[in-house]
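**Student:** Pasting a structure below so you can have a look.
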Amino acid sequence: MAQPLLTTASTLQCPHGGSVAVASANTRAKAGAPLALASDVFTIAGCPFQIPVGVGTVPHPCLTVQWITVNLRTTVGGQPTLAQDSVGLCLAGDQVPQGPVSVVAVQPRASGS
């Protein structure tokens, strides 16, 4: 079944509540806002995650998203799009996976498989 597609206006969060912003190169296909592509840059701001070290903690926030599962049938300019059921991992600055990205809100007007 077709899932709603992600756009630059979709609301995404890291597992710790940080906000994900999409910088898309897509200027062609829109569903109110440009469709998000797997090749776009997804940056995370406001992640409060810290890891315990000795008697204190060290900041280790989520900074980017790497997509694991994308739409292979729905593409824009040969690049796969992303849907509500796409799977992405939030990564820290040292590329350590921090957990899955959460898709909070999408544009229901566009869907793909």
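Identifiers in this document derive from the order of the structure tokens: chains are assigned A, B, ..., residues are numbered from 1 separately in each chain, and ligands are numbered from 1 in order of occurrence.
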Residues of region 15-66 of chain A within 10 Å of region 87-104 of chain A: nearest atom pair and distance (Å, one decimal) for each, counting only C-alpha atoms, sorted by chain and number, as a Markdown table?

**Tutor:**
| residue | atom | partner | partner_atom | distance |
| --- | --- | --- | --- | --- |
| A:Pro15 | CA | A:Gly99 | CA | 6.1 |
| A:His16 | CA | A:Gly99 | CA | 8.9 |
| A:Gly17 | CA | A:Ser102 | CA | 9.1 |
| A:Gly18 | CA | A:Val101 | CA | 9.7 |
| A:Ser19 | CA | A:Ser102 | CA | 9.9 |
| A:Val20 | CA | A:Val101 | CA | 8.6 |
| A:Ala38 | CA | A:Gly88 | CA | 9.6 |
| A:Phe42 | CA | A:Cys90 | CA | 9.4 |
| A:Thr43 | CA | A:Cys90 | CA | 9.3 |
| A:Ile44 | CA | A:Cys90 | CA | 8.3 |
| A:Cys47 | CA | A:Ala92 | CA | 9.8 |
| A:Phe49 | CA | A:Gln98 | CA | 9.0 |
| A:Pro59 | CA | A:Ala92 | CA | 9.9 |
| A:His60 | CA | A:Ala92 | CA | 6.3 |
| A:Pro61 | CA | A:Ala92 | CA | 5.6 |
| A:Cys62 | CA | A:Ala92 | CA | 4.4 |
| A:Leu63 | CA | A:Ala92 | CA | 5.3 |
| A:Thr64 | CA | A:Leu91 | CA | 5.3 |
| A:Val65 | CA | A:Cys90 | CA | 4.5 |
| A:Gln66 | CA | A:Leu89 | CA | 5.3 |

**Student:** Identify, with DSSP run on backbone atoms, the residues in chain A assigned to strand (DSSP E or B), and express the list as an MDAnalysis selection string.

**Tutor:** chainID A and resid 3:5 7 11:13 19:23 30 34:35 37 41:45 50:53 56:59 62:69 75:76 79:81 83 87:92 97:100 102:105 111:112

**Student:** Tell me which protein, DNA and RNA residues are within 8 Å of Ala105 (chain A), counting only C-alpha atoms, leaving out same-chain ones fewer than 3 positions away, and put them as number ranges by chain.

**Tutor:** A: 10-12

**Student:** Taking all heavy atoms for each residue, export the selection above as a CSV table (one decimal), in the first residue's frame.

**Tutor:**
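The result, stored in part31.csv:
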chain,number,residue,atom,x,y,z
A,10,SER,N,7.8,18.1,6.3
A,10,SER,CA,7.5,17.0,7.2
A,10,SER,C,8.2,17.2,8.5
A,10,SER,O,9.2,17.8,8.6
A,10,SER,CB,8.0,15.6,6.6
A,10,SER,OG,7.3,15.3,5.4
A,11,THR,N,7.6,16.7,9.6
A,11,THR,CA,8.2,16.9,10.9
A,11,THR,C,8.8,15.5,11.3
A,11,THR,O,8.2,14.5,11.4
A,11,THR,CB,7.1,17.2,12.0
A,11,THR,OG1,6.4,18.4,11.5
A,11,THR,CG2,7.7,17.5,13.3
A,12,LEU,N,10.1,15.6,11.5
A,12,LEU,CA,10.9,14.4,11.9
A,12,LEU,C,11.7,14.8,13.2
A,12,LEU,O,12.1,15.9,13.4
A,12,LEU,CB,12.0,14.1,10.8
A,12,LEU,CG,11.4,13.9,9.4
A,12,LEU,CD1,12.6,13.8,8.4
A,12,LEU,CD2,10.6,12.7,9.3

**Student:** Would you work out the distance separating CA of Pro80 (chain A) from CA of Gly46 (chain A), expressed in Å to one decimal?

**Tutor:**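 CA of Gly46 (chain A) lies 27.6 Å from CA of Pro80 (chain A).
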
**Student:** Name all residues at most 8 Å from Thr8 (chain A) (count only C-alpha atoms; drop same-chain ones fewer than 4 positions away) and give them as JSON, numbers by chain.

**Tutor:** {"A": [21, 22, 23, 24, 33, 34, 35, 36]}
